[in-house]
$ cat protein10.tsv   # TSV, C-alpha atoms
chain	number	residue	atom	x	y	z
A	23	MET	CA	96.60	145.92	109.11
A	24	PHE	CA	95.48	142.30	109.63
A	25	MET	CA	97.87	140.37	111.87
A	26	HIS	CA	95.69	137.28	112.20
A	27	SER	CA	94.31	134.95	109.51
A	28	PRO	CA	91.52	132.94	111.18
A	29	LEU	CA	89.34	131.76	108.28
A	30	ILE	CA	89.82	128.25	106.88
A	31	ILE	CA	87.67	128.01	103.75
A	32	ASP	CA	86.94	125.49	101.00
A	33	VAL	CA	87.31	125.53	97.23
A	34	ALA	CA	84.91	124.07	94.69
A	35	GLY	CA	86.80	121.72	92.42
A	36	PHE	CA	90.02	120.35	91.02
A	37	LYS	CA	91.70	123.72	90.45
A	38	LEU	CA	91.31	127.28	91.63
A	39	THR	CA	88.97	129.76	90.00
A	40	THR	CA	89.78	133.45	89.73
A	41	ALA	CA	87.30	134.23	92.51
A	42	GLU	CA	88.90	131.62	94.77
A	43	ARG	CA	92.35	133.07	94.20
A	44	GLN	CA	91.02	136.46	95.23
A	45	ARG	CA	89.48	135.00	98.41
A	46	LEU	CA	92.65	133.16	99.34
A	47	ALA	CA	94.71	136.32	98.90
A	48	HIS	CA	92.69	138.10	101.60
A	49	PRO	CA	94.78	138.45	104.79
A	50	LEU	CA	91.93	137.21	107.01
A	51	VAL	CA	92.00	133.83	105.21
A	52	GLY	CA	94.48	131.46	106.79
A	53	GLY	CA	93.99	128.24	104.91
A	54	VAL	CA	92.00	125.77	102.84
A	55	ILE	CA	90.22	122.57	103.79
A	56	LEU	CA	90.04	119.97	101.02
A	57	PHE	CA	87.33	117.37	100.38
A	58	ALA	CA	86.82	114.36	98.13
A	59	ARG	CA	85.40	116.72	95.49
A	60	ASN	CA	88.88	118.27	95.23
A	61	TRP	CA	90.41	114.88	94.41
A	62	GLN	CA	90.89	113.51	90.92
A	63	GLY	CA	94.30	111.96	91.33
A	64	ARG	CA	97.72	112.57	92.86
A	65	ASP	CA	99.01	114.79	90.06
A	66	GLN	CA	95.88	116.93	90.15
A	67	LEU	CA	95.98	117.20	93.97
A	68	THR	CA	99.64	118.18	93.90
A	69	ALA	CA	98.93	120.81	91.25
A	70	LEU	CA	96.02	122.21	93.29
A	71	CYS	CA	98.19	122.50	96.41
A	72	ARG	CA	100.84	124.31	94.36
A	73	GLN	CA	98.20	126.71	93.07
A	74	ILE	CA	97.13	127.46	96.63
A	75	LYS	CA	100.67	128.04	97.83
A	76	ALA	CA	101.35	130.24	94.80
A	77	VAL	CA	98.65	132.61	96.05
A	78	ARG	CA	100.22	132.74	99.53
A	79	PRO	CA	102.93	130.36	100.76
A	80	ASP	CA	101.71	130.71	104.36
A	81	LEU	CA	98.24	129.30	103.65
A	82	LEU	CA	97.59	126.11	105.63
A	83	ILE	CA	96.24	123.23	103.51
A	84	ALA	CA	94.23	120.81	105.65
A	85	VAL	CA	91.98	117.79	105.19
A	86	ASP	CA	89.94	115.28	107.22
A	87	HIS	CA	91.99	112.16	106.49
A	88	GLU	CA	91.75	109.79	109.45
A	89	GLY	CA	91.53	106.36	107.86
A	90	GLY	CA	88.51	104.09	107.63
A	91	ARG	CA	85.36	105.82	106.37
A	92	VAL	CA	86.81	109.32	106.84
A	93	GLN	CA	89.57	109.39	104.24
A	94	ARG	CA	89.24	111.87	101.39
A	95	PHE	CA	91.86	110.37	99.06
A	96	ARG	CA	91.68	106.62	98.51
A	97	THR	CA	92.91	105.80	94.99
A	98	ASP	CA	95.90	106.42	92.72
A	99	GLY	CA	98.41	105.00	95.17
A	100	PHE	CA	97.03	106.31	98.45
A	101	THR	CA	96.97	103.64	101.14
A	102	HIS	CA	93.48	102.84	102.41
A	103	LEU	CA	94.20	103.18	106.10
A	104	PRO	CA	92.27	101.13	108.67
A	105	PRO	CA	89.74	102.79	110.98
A	106	MET	CA	91.18	103.66	114.36
A	107	ALA	CA	88.96	101.02	115.98
A	108	ALA	CA	91.12	98.40	114.25
A	109	LEU	CA	94.09	99.62	116.27
A	110	GLY	CA	92.01	99.45	119.44
A	111	ALA	CA	91.02	95.88	118.63
A	112	LEU	CA	94.68	95.01	118.14
A	113	TRP	CA	95.46	96.47	121.57
A	114	GLY	CA	93.00	94.10	123.20
A	115	ALA	CA	93.88	91.02	121.16
A	116	PRO	CA	95.04	88.00	123.16
A	117	ASP	CA	98.81	87.69	123.33
A	118	LYS	CA	100.25	84.79	121.46
A	119	LYS	CA	101.69	81.88	123.41
A	120	LYS	CA	105.00	82.49	125.15
A	121	GLU	CA	104.86	86.25	124.50
A	122	MET	CA	105.45	88.71	127.30
A	123	PRO	CA	102.31	90.21	128.86
A	124	GLY	CA	101.29	93.40	127.10
A	125	THR	CA	102.82	92.45	123.78
A	126	SER	CA	99.56	93.04	121.92
A	127	ALA	CA	99.42	96.58	123.31
A	128	MET	CA	102.94	97.24	122.08
A	129	ARG	CA	102.04	95.78	118.71
A	130	ALA	CA	99.03	98.08	118.49
A	131	SER	CA	101.14	101.11	119.41
A	132	ARG	CA	103.66	100.21	116.73
A	133	ALA	CA	100.87	99.89	114.16
A	134	ALA	CA	99.46	103.26	115.25
A	135	THR	CA	102.82	104.96	114.73
A	136	ALA	CA	103.07	103.32	111.30
A	137	SER	CA	99.56	104.52	110.44
A	138	GLY	CA	100.43	108.06	111.45
A	139	TYR	CA	103.59	108.02	109.37
A	140	VAL	CA	101.92	106.63	106.24
A	141	LEU	CA	99.01	109.04	106.62
A	142	GLY	CA	101.23	112.10	107.03
A	143	ALA	CA	103.91	111.17	104.52
A	144	GLU	CA	101.46	110.45	101.68
A	145	LEU	CA	99.57	113.70	102.26
A	146	ARG	CA	102.73	115.76	102.50
A	147	ALA	CA	104.11	114.22	99.30
A	148	CYS	CA	101.14	115.84	97.53
A	149	GLY	CA	101.41	119.19	99.30
A	150	VAL	CA	98.88	118.84	102.15
A	151	ASP	CA	100.08	120.35	105.44
A	152	LEU	CA	97.72	118.97	108.10
A	153	SER	CA	95.16	116.25	108.69
A	154	PHE	CA	92.50	116.81	111.34
A	155	ALA	CA	93.48	113.70	113.29
A	156	PRO	CA	93.50	111.87	115.66
A	157	VAL	CA	89.96	111.36	116.94
A	158	LEU	CA	90.10	111.28	120.75
A	159	ASP	CA	86.41	110.56	121.31
A	160	LEU	CA	85.53	107.47	123.33
A	161	ASP	CA	83.53	104.68	121.74
A	162	TYR	CA	80.38	104.15	123.79
A	163	GLY	CA	78.83	102.07	121.01
A	164	ASP	CA	75.87	104.37	120.31
A	165	SER	CA	77.25	107.25	118.24
A	166	SER	CA	76.79	106.78	114.51
A	167	VAL	CA	78.98	109.76	113.63
A	168	ILE	CA	81.93	108.55	115.77
A	169	GLY	CA	81.69	104.76	115.82
A	170	ASP	CA	84.82	103.09	114.47
A	171	ARG	CA	86.56	106.44	114.13
A	172	SER	CA	87.32	106.04	117.84
A	173	PHE	CA	90.27	103.99	119.04
A	174	HIS	CA	88.55	102.53	122.11
A	175	ARG	CA	86.14	103.01	125.01
A	176	ASP	CA	88.93	103.29	127.58
A	177	PRO	CA	90.45	106.82	127.69
A	178	ARG	CA	93.82	105.35	128.65
A	179	VAL	CA	93.92	103.18	125.53
A	180	VAL	CA	92.74	106.09	123.40
A	181	SER	CA	95.54	108.25	124.81
A	182	MET	CA	98.28	105.69	124.28
A	183	LEU	CA	97.27	104.86	120.71
A	184	ALA	CA	96.72	108.51	119.82
A	185	GLN	CA	100.14	109.36	121.20
A	186	ALA	CA	101.66	106.64	119.03
A	187	LEU	CA	99.82	107.89	115.95
A	188	MET	CA	100.92	111.46	116.71
A	189	LEU	CA	104.51	110.24	116.81
A	190	GLY	CA	104.10	108.83	113.30
A	191	LEU	CA	102.64	112.13	112.09
A	192	GLN	CA	105.57	113.95	113.66
A	193	GLN	CA	108.02	111.64	111.92
A	194	SER	CA	106.40	112.60	108.61
A	195	GLY	CA	106.80	116.29	109.44
A	196	MET	CA	103.08	116.87	110.12
A	197	GLY	CA	101.31	118.26	113.16
A	198	ASN	CA	98.09	116.88	114.63
A	199	CYS	CA	94.62	117.92	115.72
A	200	GLY	CA	92.83	116.09	118.52
A	201	LYS	CA	89.05	116.11	118.23
A	202	HIS	CA	86.29	116.58	119.37
A	203	PHE	CA	86.91	118.30	122.72
A	204	PRO	CA	85.69	117.52	125.36
A	205	GLY	CA	84.16	114.42	123.74
A	206	HIS	CA	81.50	113.61	121.15
A	207	GLY	CA	81.29	109.85	121.65
A	208	PHE	CA	78.68	109.74	124.42
A	209	VAL	CA	75.84	111.45	122.53
A	210	LYS	CA	73.90	109.65	119.80
A	211	ALA	CA	72.92	112.70	117.73
A	212	ASP	CA	75.07	113.73	114.76
A	213	SER	CA	76.08	117.39	115.07
A	214	HIS	CA	76.14	117.69	111.27
A	215	VAL	CA	72.33	117.51	111.22
A	216	ALA	CA	71.20	117.94	114.84
A	217	ILE	CA	72.13	119.64	118.11
A	218	PRO	CA	73.56	116.99	120.46
A	219	VAL	CA	73.15	117.51	124.21
A	220	ASP	CA	75.29	115.74	126.82
A	221	LYS	CA	73.76	116.13	130.29
A	222	ARG	CA	76.66	114.69	132.28
A	223	SER	CA	78.54	116.68	134.91
A	224	LEU	CA	81.87	118.41	134.31
A	225	LYS	CA	83.51	116.04	136.80
A	226	LYS	CA	82.26	112.99	134.88
A	227	ILE	CA	83.37	114.37	131.50
A	228	LEU	CA	86.81	115.35	132.76
A	229	ARG	CA	87.36	111.93	134.32
A	230	GLU	CA	86.49	110.08	131.11
A	231	ASP	CA	85.95	111.80	127.74
A	232	ALA	CA	88.20	114.81	128.25
A	233	ALA	CA	90.98	112.82	129.93
A	234	PRO	CA	92.93	112.15	126.68
A	235	PHE	CA	93.05	115.88	125.94
A	236	GLY	CA	94.67	116.50	129.29
A	237	TRP	CA	97.07	113.56	129.14
A	238	LEU	CA	98.15	114.50	125.60
A	239	SER	CA	98.19	118.27	126.07
A	240	ALA	CA	101.98	118.49	125.80
A	241	GLY	CA	102.00	116.74	122.42
A	242	LEU	CA	98.85	118.05	120.76
A	243	THR	CA	99.56	120.83	118.28
A	244	ALA	CA	95.86	121.59	117.67
A	245	VAL	CA	92.45	120.73	119.10
A	246	MET	CA	88.97	120.89	117.55
A	247	PRO	CA	86.01	121.23	119.96
A	248	ALA	CA	82.69	119.47	119.53
A	249	HIS	CA	79.48	121.13	118.43
A	250	VAL	CA	77.83	119.58	121.48
A	251	ILE	CA	76.03	121.34	124.33
A	252	TYR	CA	76.95	120.26	127.87
A	253	PRO	CA	74.26	122.15	129.84
A	254	LYS	CA	75.73	121.42	133.27
A	255	VAL	CA	78.84	123.32	132.16
A	256	ASP	CA	77.61	125.94	129.66
A	257	ALA	CA	74.49	126.61	127.61
A	258	ARG	CA	76.57	127.11	124.49
A	259	PRO	CA	78.15	124.32	122.39
A	260	ALA	CA	81.76	123.72	123.44
A	261	GLY	CA	83.20	125.41	120.37
A	262	PHE	CA	81.49	128.69	121.31
A	263	SER	CA	82.11	128.44	125.05
A	264	GLU	CA	84.78	130.47	126.80
A	265	ARG	CA	84.28	128.22	129.81
A	266	TRP	CA	85.28	125.14	127.81
A	267	LEU	CA	88.00	126.66	125.64
A	268	GLN	CA	89.65	129.05	128.07
A	269	ASP	CA	88.88	127.81	131.58
A	270	VAL	CA	88.98	124.06	130.97
A	271	LEU	CA	91.11	123.39	127.89
A	272	ARG	CA	93.68	126.15	128.27
A	273	ARG	CA	93.91	126.76	132.02
A	274	GLN	CA	92.87	123.46	133.62
A	275	LEU	CA	94.29	121.02	131.05
A	276	GLY	CA	97.24	123.20	130.06
A	277	PHE	CA	96.77	123.08	126.28
A	278	THR	CA	98.88	125.70	124.46
A	279	GLY	CA	98.38	124.79	120.78
A	280	ALA	CA	95.92	126.00	118.15
A	281	ILE	CA	92.14	125.70	118.50
A	282	PHE	CA	90.08	125.13	115.35
A	283	SER	CA	86.31	125.41	115.32
A	284	ASP	CA	84.53	122.50	113.72
A	285	ASP	CA	82.68	123.28	110.48
A	286	LEU	CA	80.44	126.31	111.01
A	287	SER	CA	78.00	125.07	108.38
A	288	MET	CA	76.98	122.13	110.58
A	289	GLU	CA	73.50	122.28	112.09
A	290	ALA	CA	74.77	122.37	115.67
A	291	ALA	CA	76.96	125.38	114.87
A	292	ARG	CA	74.07	127.46	113.57
A	293	HIS	CA	72.19	127.68	116.86
A	294	ILE	CA	73.70	129.67	119.72
A	295	ASP	CA	71.87	130.91	122.82
A	296	GLY	CA	68.61	129.48	121.51
A	297	ARG	CA	68.56	131.29	118.17
A	298	GLN	CA	69.74	130.64	114.65
A	299	VAL	CA	72.86	132.58	113.72
A	300	SER	CA	74.62	133.49	110.49
A	301	PHE	CA	78.02	132.14	109.49
A	302	THR	CA	79.57	135.46	110.47
A	303	GLU	CA	77.90	135.44	113.90
A	304	ALA	CA	79.07	131.86	114.44
A	305	ALA	CA	82.62	132.78	113.43
A	306	LEU	CA	82.72	135.78	115.76
A	307	ALA	CA	81.25	133.70	118.60
A	308	ALA	CA	83.88	130.98	118.16
A	309	LEU	CA	86.74	133.47	117.90
A	310	GLY	CA	85.42	135.39	120.88
A	311	ALA	CA	85.31	132.19	122.95
A	312	GLY	CA	88.94	131.44	122.21
A	313	ALA	CA	89.20	129.67	118.85
A	314	ASP	CA	92.24	130.62	116.79
A	315	MET	CA	90.77	129.52	113.45
A	316	VAL	CA	87.26	128.82	112.20
A	317	LEU	CA	86.19	126.43	109.43
A	318	LEU	CA	83.63	127.50	106.84
A	319	CYS	CA	83.07	124.42	104.68
A	320	ASN	CA	80.96	123.38	101.69
A	321	GLN	CA	79.95	126.93	100.76
A	322	SER	CA	82.01	127.32	97.58
A	323	VAL	CA	79.84	124.65	95.93
A	324	VAL	CA	76.45	124.98	97.61
A	325	ASN	CA	76.24	128.77	97.67
A	326	ASP	CA	78.90	129.82	95.14
A	327	GLY	CA	81.10	131.15	97.91
A	328	VAL	CA	78.73	133.98	98.90
A	329	PRO	CA	78.76	133.14	102.67
A	330	ILE	CA	82.57	133.08	102.56
A	331	ASP	CA	82.71	136.53	100.97
A	332	GLU	CA	80.15	137.80	103.45
A	333	ALA	CA	82.15	136.40	106.37
A	334	ILE	CA	85.37	137.98	105.08
A	335	ASP	CA	83.68	141.37	104.67
A	336	ALA	CA	81.95	141.17	108.05
A	337	LEU	CA	85.13	140.16	109.89
A	338	SER	CA	86.97	143.01	108.19
A	339	ARG	CA	84.34	145.48	109.38
A	340	ALA	CA	84.39	144.01	112.88
A	341	VAL	CA	88.13	144.61	113.07
A	342	LEU	CA	87.94	148.13	111.68
A	343	GLU	CA	85.07	149.05	114.01
A	344	GLY	CA	86.75	147.55	117.07
A	345	GLN	CA	84.14	144.83	117.59
A	346	TRP	CA	86.74	142.09	117.42
A	347	ALA	CA	90.44	142.31	118.21
A	348	LEU	CA	93.00	140.49	116.09
A	349	ASN	CA	95.10	138.03	118.08
A	350	PRO	CA	98.82	137.82	117.19
A	351	ALA	CA	99.18	134.76	119.47
A	352	SER	CA	96.54	132.96	117.40
A	353	GLU	CA	98.48	133.76	114.25
A	354	GLU	CA	101.65	132.35	115.80
A	355	ARG	CA	99.80	129.14	116.58
A	356	ARG	CA	98.49	128.94	112.99
A	357	GLN	CA	101.94	129.51	111.55
A	358	ALA	CA	103.38	126.82	113.86
A	359	LEU	CA	101.21	124.20	112.09
A	360	LEU	CA	102.97	124.77	108.76
A	361	PRO	CA	105.61	122.09	108.08
A	362	ARG	CA	109.16	123.25	108.68
A	363	ASP	CA	110.98	120.78	106.40
A	364	ARG	CA	110.69	119.94	102.74
A	365	ALA	CA	108.42	116.96	102.03
A	366	MET	CA	109.66	113.88	100.24
A	367	ASP	CA	108.26	113.60	96.72
A	368	TRP	CA	105.94	110.68	95.96
A	369	ASP	CA	108.37	108.56	93.94
A	370	SER	CA	111.10	108.89	96.57
A	371	LEU	CA	108.61	108.11	99.34
A	372	MET	CA	107.46	104.90	97.64
A	373	VAL	CA	110.98	103.41	97.77
A	374	SER	CA	112.05	104.76	101.16
A	375	GLU	CA	112.83	102.14	103.80
A	376	ARG	CA	110.87	103.87	106.54
A	377	TYR	CA	107.72	104.07	104.41
A	378	MET	CA	107.91	100.46	103.23
A	379	HIS	CA	108.51	99.28	106.80
A	380	ALA	CA	105.54	101.32	108.03
A	381	LEU	CA	103.29	99.74	105.39
A	382	SER	CA	104.30	96.29	106.60
A	383	LEU	CA	103.14	97.15	110.14
A	384	LEU	CA	99.61	98.28	109.27
A	385	PRO	CA	96.85	96.00	110.60
$ encode --input "protein10.tsv" --output "structure tokens"
Amino acid sequence: MFMHSPLIIDVAGFKLTTAERQRLAHPLVGGVILFARNWQGRDQLTALCRQIKAVRPDLLIAVDHEGGRVQRFRTDGFTHLPPMAALGALWGAPDKKKEMPGTSAMRASRAATASGYVLGAELRACGVDLSFAPVLDLDYGDSSVIGDRSFHRDPRVVSMLAQALMLGLQQSGMGNCGKHFPGHGFVKADSHVAIPVDKRSLKKILREDAAPFGWLSAGLTAVMPAHVIYPKVDARPAGFSERWLQDVLRRQLGFTGAIFSDDLSMEAARHIDGRQVSFTEAALAALGAGADMVLLCNQSVVNDGVPIDEAIDALSRAVLEGQWALNPASEERRQALLPRDRAMDWDSLMVSERYMHALSLLP
């Protein structure tokens, strides 16, 4: 009956509970997002991923693991990756004497590819399928939530370094997710706790912040929109806007991959059209605007999973009552994010030449 699995949900701890297994078995659930609370060590993480796949092998296991301050797993052998701003700084570093012009940019690109490979290979060795990376936001110097998560202020530098990092992810067998479309770096407010508003014109945003999404559209396998309102384009946040997701991202920029909502528990996701909405209403709004998958995070711990169960039940009713149509194309895009090859186990990875060479190239 259900030909589309749009819900990406969280789990509470180091292993699955009976209730969580039941949730994950529901055909409307398409994956799990992990957090630091799900991390005790590599063996435990690997066992948790196996538990998830034992429920349904097609479930997508994802995590925010960018490097710098946004890296969920940091100990027990995981490499503490640099923030993306470190790669941007390397791009702009003065070339050494007698080097060809542009050598520092090439060095930065090489380091970005190495970062992407180490990031993806270590996660995959433990059973994780996808990291929500790279960040394509521009660094205007004022956003506390973006900051050094951004490669650079220049959209051309951001695009080149992101492309290099995406190559490293691809080499590890992992896809990618560019975020936060069309750009979160200009606004100061943090969408986790506030409702950011960017009053610039569509022309201005497309020329600068959204430019990397267009330039990289052929290589991006997924995109995550921002919970930011751009009132000169649409009164709704980008993640709930058909104008942004369908007209701009899909048609104008030519993006054909998967679209994830950002976390629907964030403050900026709970207010649409001037009113506060439920998780279910937010999910239906995002899916109706063109998202393929929606993230419902931090509810298994805070609210014992009740909002997740309510969302599953409400989406089921919406399908049965014809209020929302399942999208087979969205399901194809979700399935395309699952790795196609067998991951290298941790011990083999640690002694592989490619991995050791990549480590030597990190800044």
$ residues_around --input "protein10.tsv" --residues "A:Phe57" --least-positions-apart "2" --cutoff "9 Å" --atoms "only C-alpha atoms" --output "list in words"
Asp32, Val33, Ile55, Arg59, Asn60, Trp61, Val85, Asp86, Arg94, Phe95 and Asn320 of chain A
$ write_last_selection --input "protein10.tsv" --atoms "C-alpha atoms" --output "PDB file, keeping the file's coordinate frame"
ATOM      1  CA  ASP A  32      86.940 125.490 101.000  1.00  0.00           C
ATOM      2  CA  VAL A  33      87.310 125.530  97.230  1.00  0.00           C
ATOM      3  CA  ILE A  55      90.220 122.570 103.790  1.00  0.00           C
ATOM      4  CA  ARG A  59      85.400 116.720  95.490  1.00  0.00           C
ATOM      5  CA  ASN A  60      88.880 118.270  95.230  1.00  0.00           C
ATOM      6  CA  TRP A  61      90.410 114.880  94.410  1.00  0.00           C
ATOM      7  CA  VAL A  85      91.980 117.790 105.190  1.00  0.00           C
ATOM      8  CA  ASP A  86      89.940 115.280 107.220  1.00  0.00           C
ATOM      9  CA  ARG A  94      89.240 111.870 101.390  1.00  0.00           C
ATOM     10  CA  PHE A  95      91.860 110.370  99.060  1.00  0.00           C
ATOM     11  CA  ASN A 320      80.960 123.380 101.690  1.00  0.00           C
TER      12      ASN A 320
END
$ residues_around --input "protein10.tsv" --residues "A:Ile227" --least-positions-apart "4" --cutoff "10 Å" --atoms "only C-alpha atoms" --output "list in words"
Pro204, Gly205, Phe208, Asp220, Lys221, Arg222, Ser223, Asp231, Ala232, Ala233 and Tyr252 of chain A
$ closest_residue --input "protein10.tsv" --among "A:Gly63, A:Ser126, A:Gly279, A:Ser287" --to "A:Ser322" --atoms "all atoms listed in the file"
A:Ser287
$ residues_around --input "protein10.tsv" --residues "A:Leu29" --least-positions-apart "3" --cutoff "7 Å" --atoms "all atoms listed in the file" --output "PyMOL selection string"
chain A and resi 50-53+315-317
$ atom_distance --input "protein10.tsv" --atom1 "atom CA of A:Val157" --atom2 "atom CA of A:Phe173"
7.7 Å
$ closest_atom_pairs --input "protein10.tsv" --of "stretch 137-204 of chain A" --to "stretch 70-79 of chain A" --cutoff "8 Å" --atoms "all atoms listed in the file" --output "tab-separated table"
residue	atom	partner	partner_atom	distance
A:Cys148	CA	A:Cys71	CA	7.4
A:Gly149	CA	A:Cys71	CA	5.4
A:Val150	CA	A:Cys71	CA	6.8
$ closest_residue --input "protein10.tsv" --among "A:Val167, A:Ala147, A:Ala351, A:Leu160" --to "A:Asp65" --atoms "all atoms listed in the file"
A:Ala147
$ closest_atom_pairs --input "protein10.tsv" --of "stretch 225-314 of chain A" --to "stretch 327-337 of chain A" --cutoff "9 Å" --atoms "all atoms listed in the file" --output "tab-separated table"
residue	atom	partner	partner_atom	distance
A:Ser300	CA	A:Pro329	CA	8.9
A:Phe301	CA	A:Ala333	CA	6.7
A:Thr302	CA	A:Ala333	CA	4.9
A:Glu303	CA	A:Ala333	CA	8.7
A:Ala305	CA	A:Ala333	CA	7.9
A:Leu306	CA	A:Leu337	CA	7.7
$ write_last_selection --input "protein10.tsv" --atoms "C-alpha atoms" --output "short mmCIF file (atom, residue, chain, number, x, y, z; two decimals), in the frame of the given file"
data_model
loop_
_atom_site.label_atom_id
_atom_site.label_comp_id
_atom_site.auth_asym_id
_atom_site.auth_seq_id
_atom_site.Cartn_x
_atom_site.Cartn_y
_atom_site.Cartn_z
CA SER A 300 74.62 133.49 110.49
CA PHE A 301 78.02 132.14 109.49
CA THR A 302 79.57 135.46 110.47
CA GLU A 303 77.90 135.44 113.90
CA ALA A 305 82.62 132.78 113.43
CA LEU A 306 82.72 135.78 115.76
#
$ residues_around --input "protein10.tsv" --residues "A:Phe203" --least-positions-apart "6" --cutoff "7 Å" --atoms "only C-alpha atoms" --output "NGL selection string"
:A and (232 or 246-248)
$ atom_distance --input "protein10.tsv" --atom1 "atom CA of A:His102" --atom2 "atom CA of A:Leu56"
17.5 Å
$ closest_residue --input "protein10.tsv" --among "A:Arg258, A:Arg273, A:His379, A:Arg178" --to "A:Arg297" --atoms "all atoms listed in the file"
A:Arg258
$ closest_residue --input "protein10.tsv" --among "A:Met366, A:Ala240, A:Leu38, A:Val250" --to "A:Arg272" --atoms "only C-alpha atoms"
A:Ala240
$ residues_around --input "protein10.tsv" --residues "A:Ile281" --least-positions-apart "5" --cutoff "12 Å" --atoms "all atoms listed in the file" --output "number ranges by chain"
A: 28, 154, 198-203, 242-248, 260-262, 266-268, 271-272, 308-309, 311-317, 351-356, 359
$ write_last_selection --input "protein10.tsv" --atoms "C-alpha atoms" --output "mmCIF file, keeping the file's coordinate frame"
data_model
loop_
_atom_site.group_PDB
_atom_site.id
_atom_site.type_symbol
_atom_site.label_atom_id
_atom_site.label_comp_id
_atom_site.auth_asym_id
_atom_site.auth_seq_id
_atom_site.Cartn_x
_atom_site.Cartn_y
_atom_site.Cartn_z
ATOM 1 C CA PRO A 28 91.520 132.940 111.180
ATOM 2 C CA PHE A 154 92.500 116.810 111.340
ATOM 3 C CA ASN A 198 98.090 116.880 114.630
ATOM 4 C CA CYS A 199 94.620 117.920 115.720
ATOM 5 C CA GLY A 200 92.830 116.090 118.520
ATOM 6 C CA LYS A 201 89.050 116.110 118.230
ATOM 7 C CA HIS A 202 86.290 116.580 119.370
ATOM 8 C CA PHE A 203 86.910 118.300 122.720
ATOM 9 C CA LEU A 242 98.850 118.050 120.760
ATOM 10 C CA THR A 243 99.560 120.830 118.280
ATOM 11 C CA ALA A 244 95.860 121.590 117.670
ATOM 12 C CA VAL A 245 92.450 120.730 119.100
ATOM 13 C CA MET A 246 88.970 120.890 117.550
ATOM 14 C CA PRO A 247 86.010 121.230 119.960
ATOM 15 C CA ALA A 248 82.690 119.470 119.530
ATOM 16 C CA ALA A 260 81.760 123.720 123.440
ATOM 17 C CA GLY A 261 83.200 125.410 120.370
ATOM 18 C CA PHE A 262 81.490 128.690 121.310
ATOM 19 C CA TRP A 266 85.280 125.140 127.810
ATOM 20 C CA LEU A 267 88.000 126.660 125.640
ATOM 21 C CA GLN A 268 89.650 129.050 128.070
ATOM 22 C CA LEU A 271 91.110 123.390 127.890
ATOM 23 C CA ARG A 272 93.680 126.150 128.270
ATOM 24 C CA ALA A 308 83.880 130.980 118.160
ATOM 25 C CA LEU A 309 86.740 133.470 117.900
ATOM 26 C CA ALA A 311 85.310 132.190 122.950
ATOM 27 C CA GLY A 312 88.940 131.440 122.210
ATOM 28 C CA ALA A 313 89.200 129.670 118.850
ATOM 29 C CA ASP A 314 92.240 130.620 116.790
ATOM 30 C CA MET A 315 90.770 129.520 113.450
ATOM 31 C CA VAL A 316 87.260 128.820 112.200
ATOM 32 C CA LEU A 317 86.190 126.430 109.430
ATOM 33 C CA ALA A 351 99.180 134.760 119.470
ATOM 34 C CA SER A 352 96.540 132.960 117.400
ATOM 35 C CA GLU A 353 98.480 133.760 114.250
ATOM 36 C CA GLU A 354 101.650 132.350 115.800
ATOM 37 C CA ARG A 355 99.800 129.140 116.580
ATOM 38 C CA ARG A 356 98.490 128.940 112.990
ATOM 39 C CA LEU A 359 101.210 124.200 112.090
#
$ residues_near_point --input "protein10.tsv" --point "(97.8, 106.7, 99.5)" --cutoff "9 Å" --atoms "only C-alpha atoms" --output "ChimeraX atom specification"
/A:64,95-103,140-141,144-145
$ closest_residue --input "protein10.tsv" --among "A:Glu121, A:Asp161, A:Asp295, A:Glu375" --to "A:Ala257" --atoms "only C-alpha atoms"
A:Asp295
$ closest_residue --input "protein10.tsv" --among "A:Arg339, A:His48, A:Arg146, A:Arg265" --to "A:Met196" --atoms "only C-alpha atoms"
A:Arg146
$ axis_aligned_box --input "protein10.tsv" --around "stretch 124-135 of chain A" --padding-each-side "5 Å" --output "JSON"
{"center_x": 101.3, "center_y": 98.7, "center_z": 120.6, "size_x": 14.6, "size_y": 22.5, "size_z": 22.9}
$ build_atoms --input "protein10.tsv" --residues "stretch 147-154 of chain A" --atoms "N, CA and C atoms" --output "short mmCIF file (atom, residue, chain, number, x, y, z; two decimals), in the coordinates of the input"
data_model
loop_
_atom_site.label_atom_id
_atom_site.label_comp_id
_atom_site.auth_asym_id
_atom_site.auth_seq_id
_atom_site.Cartn_x
_atom_site.Cartn_y
_atom_site.Cartn_z
N ALA A 147 103.51 114.41 100.62
CA ALA A 147 104.11 114.22 99.30
C ALA A 147 103.30 114.90 98.21
N CYS A 148 102.01 115.16 98.50
CA CYS A 148 101.14 115.84 97.53
C CYS A 148 100.93 117.31 97.86
N GLY A 149 101.49 117.78 98.97
CA GLY A 149 101.41 119.19 99.30
C GLY A 149 100.45 119.55 100.41
N VAL A 150 99.82 118.56 101.05
CA VAL A 150 98.88 118.84 102.15
C VAL A 150 99.67 119.00 103.45
N ASP A 151 99.32 120.02 104.23
CA ASP A 151 100.08 120.35 105.44
C ASP A 151 99.60 119.65 106.70
N LEU A 152 98.27 119.42 106.83
CA LEU A 152 97.72 118.97 108.10
C LEU A 152 96.49 118.11 107.88
N SER A 153 96.40 117.02 108.63
CA SER A 153 95.16 116.25 108.69
C SER A 153 94.53 116.47 110.06
N PHE A 154 93.20 116.64 110.07
CA PHE A 154 92.50 116.81 111.34
C PHE A 154 92.36 115.44 111.99
#
